[in-house]
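A.B. asks: Pasting work-v7.tsv here (TSV, C-alpha atoms and all ligand atoms):
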```
chain	number	residue	atom	x	y	z
F	539	MET	CA	-29.51	41.15	31.44
F	540	ALA	CA	-29.20	38.58	28.60
F	541	GLY	CA	-32.43	37.19	27.13
F	542	LYS	CA	-33.59	33.63	27.70
F	543	LEU	CA	-32.29	30.59	25.83
F	544	ILE	CA	-34.37	27.44	25.49
F	545	GLY	CA	-33.83	23.99	23.99
F	546	ILE	CA	-36.40	21.90	22.13
F	547	LEU	CA	-36.39	18.23	21.15
F	548	THR	CA	-38.71	15.66	19.59
F	549	SER	CA	-38.75	12.17	21.06
F	550	GLY	CA	-40.50	8.83	20.51
F	551	GLY	CA	-42.35	7.88	17.33
F	552	ASP	CA	-42.69	10.82	14.96
F	553	CYS	CA	-46.04	12.18	13.77
F	554	PRO	CA	-47.39	14.85	11.43
F	555	GLY	CA	-47.51	18.22	13.18
F	556	LEU	CA	-44.13	18.08	14.92
F	557	ASN	CA	-42.60	20.67	12.61
F	558	ALA	CA	-45.64	22.91	12.99
F	559	ALA	CA	-45.12	22.73	16.77
F	560	ILE	CA	-41.35	23.40	16.56
F	561	ARG	CA	-42.09	26.40	14.33
F	562	ALA	CA	-44.76	27.69	16.72
F	563	VAL	CA	-42.60	27.42	19.84
F	564	GLY	CA	-39.63	28.94	18.01
F	565	LYS	CA	-41.36	31.86	16.33
F	566	ALA	CA	-43.41	32.77	19.41
F	567	ALA	CA	-40.24	32.55	21.54
F	568	HIS	CA	-38.29	34.81	19.17
F	569	SER	CA	-41.04	37.41	19.28
F	570	ARG	CA	-40.47	37.54	23.07
F	571	GLY	CA	-36.69	37.87	22.71
F	572	ILE	CA	-36.05	34.20	23.58
F	573	GLU	CA	-33.37	32.31	21.60
F	574	VAL	CA	-33.92	28.66	20.67
F	575	VAL	CA	-31.70	25.64	19.99
F	576	GLY	CA	-32.95	22.27	18.77
F	577	PHE	CA	-31.39	19.02	20.04
F	578	LEU	CA	-31.05	16.33	17.37
F	579	ASP	CA	-32.48	12.80	17.53
F	580	GLY	CA	-34.46	13.09	20.75
F	581	PHE	CA	-32.83	12.77	24.16
F	582	ARG	CA	-29.69	11.34	22.51
F	583	GLY	CA	-28.91	14.80	21.13
F	584	LEU	CA	-29.17	16.30	24.63
F	585	VAL	CA	-26.85	13.63	26.04
F	586	GLU	CA	-24.36	13.96	23.18
F	587	ASN	CA	-24.67	17.77	23.09
F	588	ARG	CA	-25.69	17.80	19.44
F	589	TYR	CA	-27.90	20.76	18.62
F	590	ILE	CA	-28.64	23.39	15.97
F	591	ARG	CA	-29.63	27.00	16.37
F	592	LEU	CA	-33.27	27.49	15.40
F	593	ASP	CA	-33.37	31.01	13.98
F	594	ASN	CA	-36.31	32.32	11.96
F	595	ALA	CA	-34.76	31.25	8.67
F	596	ARG	CA	-34.53	27.63	9.93
F	597	LEU	CA	-38.15	27.73	11.09
F	598	SER	CA	-39.48	29.06	7.83
F	599	GLY	CA	-41.21	26.73	5.35
F	600	ILE	CA	-41.68	23.79	7.74
F	601	LEU	CA	-45.33	24.23	8.80
F	602	THR	CA	-46.70	21.65	6.38
F	603	LEU	CA	-43.78	19.20	6.50
F	604	GLY	CA	-44.35	15.74	8.00
F	605	GLY	CA	-41.74	14.15	10.29
F	606	THR	CA	-39.42	16.33	12.37
F	607	ILE	CA	-36.54	18.51	11.17
F	608	LEU	CA	-34.77	17.64	14.44
F	609	GLY	CA	-34.95	13.87	14.03
F	610	THR	CA	-36.26	11.65	16.81
F	611	SER	CA	-35.44	8.42	18.65
F	612	ARG	CA	-36.80	6.23	21.40
F	613	ASP	CA	-33.65	6.72	23.51
F	614	LYS	CA	-34.13	7.10	27.25
F	615	PRO	CA	-31.49	9.17	29.09
F	616	HIS	CA	-31.59	6.87	32.16
F	617	LYS	CA	-31.08	3.72	30.04
F	618	MET	CA	-29.10	4.78	26.99
F	619	VAL	CA	-27.53	2.23	24.69
F	620	MET	CA	-23.96	3.38	24.05
F	621	GLY	CA	-21.83	2.71	20.95
F	622	SER	CA	-20.25	-0.25	22.78
F	623	GLY	CA	-23.71	-1.77	23.31
F	624	GLU	CA	-23.49	-1.04	27.04
F	625	VAL	CA	-26.62	0.48	28.64
F	626	MET	CA	-25.80	3.48	30.82
F	627	ASN	CA	-27.59	6.04	32.97
F	628	MET	CA	-26.86	9.29	31.14
F	629	LEU	CA	-29.19	11.51	33.18
F	630	PRO	CA	-26.24	13.33	34.86
F	631	VAL	CA	-24.71	14.07	31.43
F	632	ALA	CA	-28.03	15.43	30.16
F	633	VAL	CA	-28.30	17.69	33.22
F	634	ASP	CA	-24.70	18.81	32.77
F	635	ASN	CA	-25.21	19.72	29.11
F	636	TYR	CA	-28.37	21.68	29.96
F	637	GLU	CA	-26.49	23.62	32.62
F	638	ARG	CA	-23.39	24.28	30.51
F	639	LEU	CA	-25.58	25.81	27.79
F	640	HIS	CA	-27.29	27.95	30.48
F	641	LEU	CA	-30.71	26.89	29.21
F	642	ASP	CA	-33.75	28.44	30.86
F	643	ALA	CA	-36.07	25.63	29.76
F	644	LEU	CA	-36.20	22.44	27.71
F	645	VAL	CA	-39.31	21.78	25.62
F	646	CYS	CA	-39.93	18.09	24.92
F	647	LEU	CA	-42.40	17.13	22.22
F	648	GLY	CA	-43.56	13.56	22.75
F	649	GLY	CA	-46.00	10.91	23.87
F	650	ASN	CA	-46.14	8.69	26.94
F	651	GLY	CA	-42.53	7.48	26.93
F	652	THR	CA	-41.29	11.04	26.45
F	653	HIS	CA	-43.36	12.28	29.38
F	654	LYS	CA	-41.80	9.68	31.69
F	655	ASN	CA	-38.30	10.66	30.53
F	656	ALA	CA	-39.05	14.38	30.73
F	657	TYR	CA	-40.33	13.98	34.29
F	658	ARG	CA	-37.11	12.17	35.29
F	659	LEU	CA	-35.14	15.19	34.03
F	660	ALA	CA	-37.51	17.59	35.81
F	661	LYS	CA	-36.91	15.72	39.08
F	662	ASP	CA	-33.18	16.17	38.44
F	663	GLY	CA	-33.67	19.94	38.36
F	664	LEU	CA	-34.28	20.79	34.70
F	665	ASN	CA	-37.04	23.27	33.85
F	666	ILE	CA	-39.13	21.14	31.49
F	667	LEU	CA	-42.23	21.89	29.44
F	668	THR	CA	-43.82	19.28	27.16
F	669	LEU	CA	-46.30	19.23	24.31
F	670	PRO	CA	-48.54	16.16	23.84
F	671	LYS	CA	-47.90	14.58	20.43
F	672	THR	CA	-48.71	11.09	19.21
F	673	ILE	CA	-50.97	9.41	16.68
F	674	ASP	CA	-52.14	7.16	19.55
F	675	ASN	CA	-53.96	9.98	21.43
F	676	ASP	CA	-53.12	8.22	24.70
F	677	VAL	CA	-51.52	11.04	26.72
F	678	ALA	CA	-53.32	11.70	30.01
F	679	GLY	CA	-54.40	15.20	31.01
F	680	THR	CA	-55.19	16.52	27.53
F	681	ASP	CA	-58.35	16.27	25.43
F	682	VAL	CA	-56.32	15.34	22.37
F	683	THR	CA	-52.76	15.05	21.04
F	684	PHE	CA	-51.49	16.48	17.76
F	685	GLY	CA	-50.81	13.84	15.10
F	686	PHE	CA	-53.95	11.92	15.95
F	687	ASP	CA	-56.23	13.70	13.50
F	688	THR	CA	-53.87	13.16	10.57
F	689	ALA	CA	-53.40	9.46	11.33
F	690	MET	CA	-57.16	9.04	11.78
F	691	SER	CA	-57.75	10.68	8.38
F	692	ILE	CA	-55.18	8.41	6.69
F	693	ALA	CA	-56.72	5.29	8.26
F	694	THR	CA	-60.23	6.45	7.32
F	695	ASP	CA	-59.14	6.97	3.72
F	696	ALA	CA	-57.65	3.45	3.74
F	697	ILE	CA	-60.95	1.98	4.99
F	698	ASP	CA	-62.82	3.87	2.24
F	699	ARG	CA	-60.52	2.36	-0.36
F	700	LEU	CA	-60.83	-1.13	1.10
F	701	HIS	CA	-64.64	-0.87	0.82
F	702	THR	CA	-64.65	-0.74	-2.97
F	703	THR	CA	-62.27	-3.65	-3.50
F	704	ALA	CA	-63.99	-5.69	-0.74
F	705	ASP	CA	-67.33	-5.15	-2.47
F	706	SER	CA	-65.98	-6.14	-5.89
F	707	HIS	CA	-64.50	-9.40	-4.59
F	708	GLN	CA	-67.08	-10.24	-1.87
F	709	ARG	CA	-64.38	-10.39	0.75
F	710	THR	CA	-63.96	-9.56	4.41
F	711	MET	CA	-61.15	-7.07	4.86
F	712	VAL	CA	-59.29	-6.96	8.17
F	713	VAL	CA	-57.38	-3.71	8.50
F	714	GLU	CA	-54.89	-3.29	11.34
F	715	ILE	CA	-54.57	0.22	12.70
F	716	MET	CA	-51.81	1.51	15.00
F	717	GLY	CA	-52.45	2.84	18.48
F	718	HIS	CA	-50.01	1.01	20.77
F	719	GLU	CA	-51.97	-0.16	23.82
F	720	VAL	CA	-55.10	1.91	23.22
F	721	GLY	CA	-57.92	1.96	20.68
F	722	TRP	CA	-58.52	5.66	19.91
F	723	LEU	CA	-57.19	5.49	16.37
F	724	ALA	CA	-59.00	2.29	15.35
F	725	LEU	CA	-62.17	3.53	17.01
F	726	GLY	CA	-62.11	6.96	15.36
F	727	ALA	CA	-61.15	5.72	11.90
F	728	GLY	CA	-63.42	2.68	12.19
F	729	LEU	CA	-66.43	4.87	12.96
F	730	ALA	CA	-65.56	7.48	10.34
F	731	GLY	CA	-64.95	4.77	7.73
F	732	GLY	CA	-68.09	2.78	8.62
F	733	ALA	CA	-66.27	-0.41	9.62
F	734	ASP	CA	-68.71	-3.22	10.45
F	735	VAL	CA	-66.58	-4.48	13.34
F	736	ILE	CA	-64.13	-2.44	15.44
F	737	LEU	CA	-61.79	-4.26	17.81
F	738	ILE	CA	-59.86	-2.28	20.43
F	739	PRO	CA	-57.68	-3.30	23.40
F	740	GLU	CA	-60.15	-1.84	25.88
F	741	ILE	CA	-62.86	-4.32	24.77
F	742	PRO	CA	-61.34	-7.81	24.46
F	743	TYR	CA	-63.14	-9.68	21.69
F	744	ASP	CA	-64.73	-13.09	21.27
F	745	VAL	CA	-64.01	-14.28	17.73
F	746	GLU	CA	-67.47	-15.90	17.52
F	747	ARG	CA	-68.97	-12.45	18.13
F	748	VAL	CA	-66.80	-11.05	15.35
F	749	VAL	CA	-68.12	-13.64	12.91
F	750	GLU	CA	-71.81	-13.02	13.79
F	751	PRO	CA	-72.18	-9.57	12.18
F	752	ILE	CA	-70.29	-10.76	9.09
F	753	ARG	CA	-72.75	-13.66	8.69
F	754	ALA	CA	-75.70	-11.36	9.43
F	755	ARG	CA	-74.56	-8.96	6.70
F	756	SER	CA	-74.25	-11.77	4.24
F	757	ARG	CA	-77.83	-12.89	5.09
F	758	ARG	CA	-78.95	-9.33	4.29
F	759	GLY	CA	-77.25	-9.55	0.91
F	760	LYS	CA	-74.15	-7.52	1.89
F	761	ARG	CA	-71.39	-9.58	0.39
F	762	PHE	CA	-68.43	-7.90	2.06
F	763	SER	CA	-67.42	-6.70	5.53
F	764	ILE	CA	-64.74	-4.47	7.03
F	765	VAL	CA	-63.08	-5.28	10.35
F	766	ALA	CA	-60.94	-2.46	11.83
F	767	VAL	CA	-58.60	-3.97	14.42
F	768	ALA	CA	-56.32	-1.97	16.68
F	769	GLU	CA	-52.81	-3.40	16.82
F	770	GLY	CA	-53.20	-3.84	20.59
F	771	ALA	CA	-56.60	-5.61	20.41
F	772	ARG	CA	-56.71	-9.03	21.98
F	773	PRO	CA	-59.13	-11.92	22.31
F	774	GLN	CA	-60.87	-12.37	25.65
F	775	GLY	CA	-58.71	-14.10	28.24
F	776	GLU	CA	-55.42	-12.72	26.92
F	777	ARG	CA	-53.23	-10.79	29.32
F	778	VAL	CA	-52.86	-7.05	28.62
F	779	ASP	CA	-49.56	-5.67	29.79
F	780	HIS	CA	-49.27	-1.92	30.23
F	781	ASP	CA	-45.49	-1.75	30.27
F	782	ASP	CA	-43.66	0.49	27.81
F	783	ASP	CA	-40.41	-1.41	28.25
F	784	ASP	CA	-41.84	-4.81	27.38
F	785	ASP	CA	-40.65	-5.28	23.78
F	786	ALA	CA	-41.71	-8.91	23.56
F	787	GLU	CA	-45.29	-7.91	24.31
F	788	GLU	CA	-45.21	-5.28	21.52
F	789	GLU	CA	-44.13	-7.88	18.99
F	790	ALA	CA	-46.98	-10.16	19.99
F	791	TRP	CA	-49.56	-7.63	18.73
F	792	HIS	CA	-49.11	-8.50	15.08
F	793	SER	CA	-49.55	-12.19	15.65
F	794	HIS	CA	-52.95	-11.46	17.25
F	795	SER	CA	-54.22	-9.79	14.08
F	796	LEU	CA	-52.99	-12.59	11.85
F	797	ALA	CA	-54.43	-15.21	14.17
F	798	LEU	CA	-57.75	-13.36	14.00
F	799	VAL	CA	-57.69	-13.49	10.19
F	800	GLN	CA	-57.06	-17.23	10.28
F	801	ARG	CA	-59.87	-17.88	12.78
F	802	LEU	CA	-62.31	-15.79	10.72
F	803	GLU	CA	-61.53	-17.81	7.61
F	804	GLU	CA	-62.02	-21.07	9.50
F	805	LEU	CA	-65.19	-20.09	11.33
F	806	ALA	CA	-67.04	-18.09	8.71
F	807	GLU	CA	-65.72	-19.92	5.66
F	808	ILE	CA	-65.18	-16.62	3.93
F	809	GLU	CA	-62.35	-15.15	1.94
F	810	VAL	CA	-60.41	-12.74	4.14
F	811	ARG	CA	-57.63	-10.33	3.24
F	812	PHE	CA	-55.38	-8.54	5.71
F	813	THR	CA	-53.88	-5.04	5.49
F	814	ALA	CA	-51.60	-3.56	8.15
F	815	LEU	CA	-51.47	0.21	7.67
F	816	GLY	CA	-48.35	0.50	9.81
F	817	HIS	CA	-46.17	3.57	9.45
F	818	LEU	CA	-48.20	5.00	6.55
F	819	GLN	CA	-50.31	6.47	9.37
F	820	ARG	CA	-47.37	8.48	10.67
F	821	GLY	CA	-46.10	9.91	7.41
F	822	GLY	CA	-46.80	12.94	5.26
F	823	THR	CA	-48.52	16.27	5.60
F	824	PRO	CA	-50.46	17.14	8.76
F	825	THR	CA	-54.17	17.96	8.47
F	826	ALA	CA	-55.34	21.54	8.99
F	827	TYR	CA	-56.62	20.48	12.44
F	828	ASP	CA	-53.20	19.16	13.51
F	829	ARG	CA	-51.35	22.22	12.17
F	830	LEU	CA	-53.72	24.45	14.09
F	831	LEU	CA	-53.47	22.39	17.28
F	832	ALA	CA	-49.66	22.29	17.12
F	833	THR	CA	-49.57	26.04	16.55
F	834	ARG	CA	-51.91	26.73	19.48
F	835	LEU	CA	-49.92	24.48	21.84
F	836	GLY	CA	-46.53	25.75	20.69
F	837	THR	CA	-47.35	29.44	20.98
F	838	ARG	CA	-48.92	28.90	24.41
F	839	CYS	CA	-45.76	27.06	25.47
F	840	ALA	CA	-43.58	30.06	24.55
F	841	GLU	CA	-45.95	32.34	26.46
F	842	LEU	CA	-45.62	30.14	29.58
F	843	ILE	CA	-41.81	30.15	29.31
F	844	ALA	CA	-41.82	33.95	29.07
F	845	ASP	CA	-43.96	33.97	32.24
F	846	ASP	CA	-41.46	31.66	34.02
F	847	VAL	CA	-43.87	28.71	34.20
F	848	GLY	CA	-42.18	25.28	34.09
F	849	GLY	CA	-42.59	21.63	35.09
F	850	VAL	CA	-45.75	21.34	33.00
F	851	MET	CA	-47.31	19.78	29.95
F	852	VAL	CA	-49.29	22.22	27.81
F	853	ALA	CA	-52.65	20.46	27.47
F	854	VAL	CA	-55.75	20.99	25.35
F	855	ARG	CA	-58.88	21.62	27.39
F	856	GLY	CA	-61.73	22.63	25.11
F	857	ASP	CA	-60.74	25.84	23.34
F	858	ASP	CA	-57.91	26.54	25.80
F	859	CYS	CA	-54.31	25.37	26.12
F	860	VAL	CA	-53.53	25.05	29.82
F	861	PRO	CA	-50.47	24.03	31.88
F	862	VAL	CA	-50.85	20.70	33.72
F	863	PRO	CA	-48.20	19.56	36.24
F	864	LEU	CA	-45.89	16.98	34.64
F	865	LYS	CA	-46.16	14.71	37.67
F	866	GLU	CA	-49.92	14.31	37.01
F	867	VAL	CA	-49.27	13.15	33.45
F	868	ALA	CA	-46.05	11.09	33.48
F	869	GLY	CA	-46.73	7.35	33.49
F	870	GLU	CA	-50.50	7.75	33.03
F	871	LEU	CA	-52.10	6.06	30.01
F	872	ARG	CA	-55.29	7.53	28.53
F	873	THR	CA	-57.33	4.54	27.42
F	874	VAL	CA	-60.79	4.57	25.79
F	875	PRO	CA	-63.46	4.36	28.52
F	876	LYS	CA	-65.87	1.50	27.75
F	877	ASP	CA	-68.80	3.92	28.08
F	878	HIS	CA	-67.23	6.57	25.84
F	879	PRO	CA	-69.75	8.39	23.59
F	880	TRP	CA	-67.88	7.23	20.45
F	881	ILE	CA	-68.54	3.60	21.46
F	882	ALA	CA	-72.19	4.38	22.23
F	883	SER	CA	-72.54	5.99	18.79
F	884	GLY	CA	-70.94	2.97	17.16
F	885	ARG	CA	-73.31	0.59	18.89
F	886	ALA	CA	-76.24	2.84	17.93
F	887	VAL	CA	-75.42	2.50	14.23
F	888	GLY	CA	-74.96	-1.25	14.50
F	889	THR	CA	-71.16	-1.48	14.71
F	890	SER	CA	-69.97	-4.62	16.48
F	891	PHE	CA	-67.15	-4.39	19.03
F	892	GLY	CA	-66.71	-8.17	19.13
F	893	ASP	CA	-68.02	-8.43	22.72
F	901	LIG	O1	-46.61	5.55	19.41
F	901	LIG	C1	-46.79	5.70	18.05
F	901	LIG	C2	-46.67	4.37	17.35
F	901	LIG	O2	-46.85	4.59	15.97
F	901	LIG	C3	-47.62	3.29	17.84
F	901	LIG	O3	-48.92	3.42	17.34
F	901	LIG	C4	-46.91	2.03	17.38
F	901	LIG	O4	-47.25	0.95	18.20
F	901	LIG	C5	-45.46	2.40	17.55
F	901	LIG	O5	-45.40	3.83	17.54
F	901	LIG	C6	-44.55	1.89	16.46
F	901	LIG	O6	-43.25	2.22	16.81
F	901	LIG	P1	-42.00	2.18	15.85
F	901	LIG	O7	-42.06	3.34	14.91
F	901	LIG	O8	-40.85	2.26	16.78
F	901	LIG	O9	-42.07	0.89	15.09
```
Could you spell out this file's structure in structure tokens?

C.D. replies:
Amino acid sequence: MAGKLIGILTSGGDCPGLNAAIRAVGKAAHSRGIEVVGFLDGFRGLVENRYIRLDNARLSGILTLGGTILGTSRDKPHKMVMGSGEVMNMLPVAVDNYERLHLDALVCLGGNGTHKNAYRLAKDGLNILTLPKTIDNDVAGTDVTFGFDTAMSIATDAIDRLHTTADSHQRTMVVEIMGHEVGWLALGAGLAGGADVILIPEIPYDVERVVEPIRARSRRGKRFSIVAVAEGARPQGERVDHDDDDDAEEEAWHSHSLALVQRLEELAEIEVRFTALGHLQRGGTPTAYDRLLATRLGTRCAELIADDVGGVMVAVRGDDCVPVPLKEVAGELRTVPKDHPWIASGRAVGTSFGD
């Protein structure tokens, strides 16, 4: 009987650690006699039947590389924009291509959007396994996602660097940190970098309460302050929309940060500078933690495929990597609980959350 053949793809925003995960799935699969192909540019590659063979030579030397050797996109098979501009449901084509290649499984590396799309394909009969990746750390069912640690380290380093220039110029620095609709990244980097104020979507802020700690610091002779603001943070009273497809809402995030800067300047009569870290947080070499996490998840994934387990996300639970049914994960957003220990620690060291 012929050995198994599996496909792998990366979808959604890229992050450091994707190549480490591709390598782990691929090498661990090969060692079990399983062949691997990689679809290019996310779900678009599956729909357009564009793939490359991932032999050991192709998987060698990619562990430390940022980005993804397969390319990625935010394309959704059920709503795919075609060359003509027309939006079409390409789920049947994706299923057809999977079947014509006689794949035994498709491994999708992605965040929340990817999990929704992967689950749609699973319901259409494909044997899907997923790995949780995203700098946002917002995938339900897992303790953590790979990519998060690297982005948190980059944002922390940025806050460290802003400290010295803020101090020299006696300024308040507002630094915008990614994270989509959740505050994990701003919270983690803000705490690690010693930000004076951390604003996250889960705790809508009152701008007056943001100004208070800045004034209090100045009364204590501290002539600068750092405000770490998640891109999804909003003032109290603003509507929060948890809809992945709402592009207009995504664009509005940036204007909230800039409006905050303006209000701070008016209210506190201080000099404020704004830095948006943007895609810097997604680029470059993964940290040791992310390489290790991606390797643990990827090798466990290959083990599950060899054992004929499917329809699952491979999740981190403590020291273990465990299969969790896709239907429990798809469409679920993992937000920061207001009573999370990281927030309690922040409050204990005097960090303001603007509430
Ligand atoms: O989901 C990862 C992420 O970097 C979010 O933090 C951010 O909101 C979004 O992707 C940016 O997306 P894009 O790369 O499409 O601009």

A.B. asks: Excluding Leu729 in chain F and residues on its chain fewer than 6 positions from it, collect all residues at most 9 Å away from it, counting only C-alpha atoms, and give them as a list in words.

C.D. replies: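 Selected residues are Thr694, Ile736, Trp880, Ile881, Ser883, Gly884 and Thr889 of chain F.
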
A.B. asks: Between F:Leu700, F:Leu639, F:Ile546, F:Met716, which residue has the minimum interatomic distance to Gly836 in chain F, considering all atoms listed in the file?

C.D. replies: F:Ile546

A.B. asks: If you count only C-alpha atoms and all ligand atoms, which residues end up within 10 Å of ligand LIG 901 (chain F), as an MDAnalysis selection string?

C.D. replies: chainID F and resid 550:553 611:612 648:651 671:676 685:686 689 715:721 723 768:770 788:789 791 816:820

A.B. asks: Residues of range 702-726 of chain F that approach range 740-761 of chain F to 9 Å or less, counting only C-alpha atoms: could you list each one with the shortest pair of atoms and its distance in Å to one decimal, rows by chain and increasing residue number, as a Markdown table?

C.D. replies:
```
| residue | atom | partner | partner_atom | distance |
| --- | --- | --- | --- | --- |
| F:Ala704 | CA | F:Arg761 | CA | 8.4 |
| F:Asp705 | CA | F:Arg761 | CA | 6.7 |
| F:Ser706 | CA | F:Arg761 | CA | 9.0 |
| F:His707 | CA | F:Arg761 | CA | 8.5 |
| F:Gln708 | CA | F:Arg761 | CA | 4.9 |
| F:Arg709 | CA | F:Arg761 | CA | 7.1 |
| F:Thr710 | CA | F:Ile752 | CA | 8.0 |
| F:Glu719 | CA | F:Glu740 | CA | 8.6 |
| F:Val720 | CA | F:Glu740 | CA | 6.8 |
| F:Gly721 | CA | F:Glu740 | CA | 6.8 |
```

A.B. asks: Do you have the CA of Asp846 in chain F-CA of Ala643 in chain F distance handy?

C.D. replies: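 Pair CA of Asp846 in chain F / CA of Ala643 in chain F returns 9.1 Å.
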
A.B. asks: Have a look at CA of Ala656 in chain F and CA of Asp845 in chain F and let me know their distance in Å, one decimal.

C.D. replies: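 Result for CA of Ala656 in chain F versus CA of Asp845 in chain F: 20.3 Å, one decimal.
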
A.B. asks: Would you work out the distance separating CA of Ala840 in chain F from CA of Pro630 in chain F, expressed in Å to one decimal?

C.D. replies: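 Going from CA of Ala840 in chain F over to CA of Pro630 in chain F, I get 26.2 Å.
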
A.B. asks: Between F:Leu835, F:Ala886, F:Leu802, F:Leu556, single out the one closest to Gly821 in chain F, counting all atoms listed in the file.

C.D. replies: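 Result for the nearest residue to Gly821 in chain F: F:Leu556.
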
A.B. asks: Which residues come within 8 Å of Val585 in chain F, counting only C-alpha atoms, excluding same-chain residues fewer than 5 positions away, as a list in words?

C.D. replies: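 Neighbouring residues, sequence-local ones excluded: Pro615, Met628, Leu629, Val631, Ala632 and Asn635 of chain F.
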
A.B. asks: Could you save those same residues with C-alpha atoms as a tab-separated table (two decimals), keeping the file's coordinate frame?

C.D. replies:
```tsv
chain	number	residue	atom	x	y	z
F	615	PRO	CA	-31.49	9.17	29.09
F	628	MET	CA	-26.86	9.29	31.14
F	629	LEU	CA	-29.19	11.51	33.18
F	631	VAL	CA	-24.71	14.07	31.43
F	632	ALA	CA	-28.03	15.43	30.16
F	635	ASN	CA	-25.21	19.72	29.11
```

A.B. asks: Could you give me, as a PDB file with C-alpha atoms, keeping the file's coordinate frame, the residues within 7 Å of Ile764 in chain F, counting only C-alpha atoms and dropping anything in the same chain fewer than 3 positions from it?

C.D. replies:
```pdb
ATOM      1  CA  THR F 710     -63.960  -9.560   4.410  1.00  0.00           C
ATOM      2  CA  MET F 711     -61.150  -7.070   4.860  1.00  0.00           C
ATOM      3  CA  VAL F 712     -59.290  -6.960   8.170  1.00  0.00           C
ATOM      4  CA  ALA F 733     -66.270  -0.410   9.620  1.00  0.00           C
ATOM      5  CA  ASP F 734     -68.710  -3.220  10.450  1.00  0.00           C
ATOM      6  CA  VAL F 735     -66.580  -4.480  13.340  1.00  0.00           C
TER       7      VAL F 735
END
```

A.B. asks: Step by step: start from the point (-31.5, 16.9, 35.5) in the file's coordinates, keep every protein, DNA or RNA residue that has an atom no farther than 7 Å from it, count all atoms listed in the file, and write the set as a list in words.

C.D. replies: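 Answer for this query, in the requested form: Leu629, Pro630, Ala632, Val633, Leu659, Ala660, Lys661, Asp662, Gly663 and Leu664 of chain F.
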
A.B. asks: Given the selection you just returned, output its residues as a file containing C-alpha atoms, formatted as a PDB file, keeping the file's coordinate frame.

C.D. replies:
```pdb
ATOM      1  CA  LEU F 629     -29.190  11.510  33.180  1.00  0.00           C
ATOM      2  CA  PRO F 630     -26.240  13.330  34.860  1.00  0.00           C
ATOM      3  CA  ALA F 632     -28.030  15.430  30.160  1.00  0.00           C
ATOM      4  CA  VAL F 633     -28.300  17.690  33.220  1.00  0.00           C
ATOM      5  CA  LEU F 659     -35.140  15.190  34.030  1.00  0.00           C
ATOM      6  CA  ALA F 660     -37.510  17.590  35.810  1.00  0.00           C
ATOM      7  CA  LYS F 661     -36.910  15.720  39.080  1.00  0.00           C
ATOM      8  CA  ASP F 662     -33.180  16.170  38.440  1.00  0.00           C
ATOM      9  CA  GLY F 663     -33.670  19.940  38.360  1.00  0.00           C
ATOM     10  CA  LEU F 664     -34.280  20.790  34.700  1.00  0.00           C
TER      11      LEU F 664
END
```

A.B. asks: Go through F:Ala797, F:Ala853, F:Ala730, F:Ile697 one by one, measure the shortest atom-to-atom distance of each to Thr683 in chain F using only C-alpha atoms, and give the residue with the smallest value.

C.D. replies: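 Nearest candidate to Thr683 in chain F out of F:Ala797, F:Ala853, F:Ala730, F:Ile697: F:Ala853.
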
A.B. asks: Could you model N, CA and C atoms for range 758-768 of chain F and present them as a short mmCIF file (atom, residue, chain, number, x, y, z; two decimals), in the frame of the given file?

C.D. replies:
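Now in out-v1.cif:
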```
data_model
loop_
_atom_site.label_atom_id
_atom_site.label_comp_id
_atom_site.auth_asym_id
_atom_site.auth_seq_id
_atom_site.Cartn_x
_atom_site.Cartn_y
_atom_site.Cartn_z
N ARG F 758 -78.21 -10.51 4.81
CA ARG F 758 -78.95 -9.33 4.29
C ARG F 758 -78.51 -8.97 2.87
N GLY F 759 -77.67 -9.78 2.28
CA GLY F 759 -77.25 -9.55 0.91
C GLY F 759 -76.01 -8.66 0.78
N LYS F 760 -75.41 -8.31 1.92
CA LYS F 760 -74.15 -7.52 1.89
C LYS F 760 -73.01 -8.51 1.77
N ARG F 761 -72.32 -8.50 0.67
CA ARG F 761 -71.39 -9.58 0.39
C ARG F 761 -69.97 -9.29 0.87
N PHE F 762 -69.78 -8.20 1.56
CA PHE F 762 -68.43 -7.90 2.06
C PHE F 762 -68.55 -7.30 3.47
N SER F 763 -67.46 -7.34 4.19
CA SER F 763 -67.42 -6.70 5.53
C SER F 763 -66.05 -6.11 5.77
N ILE F 764 -66.01 -5.10 6.65
CA ILE F 764 -64.74 -4.47 7.03
C ILE F 764 -64.56 -4.62 8.54
N VAL F 765 -63.43 -5.16 8.93
CA VAL F 765 -63.08 -5.28 10.35
C VAL F 765 -61.88 -4.37 10.61
N ALA F 766 -62.06 -3.35 11.45
CA ALA F 766 -60.94 -2.46 11.83
C ALA F 766 -60.40 -2.95 13.17
N VAL F 767 -59.16 -3.41 13.18
CA VAL F 767 -58.60 -3.97 14.42
C VAL F 767 -57.40 -3.14 14.88
N ALA F 768 -57.46 -2.69 16.11
CA ALA F 768 -56.32 -1.97 16.68
C ALA F 768 -55.17 -2.95 16.88
#
```
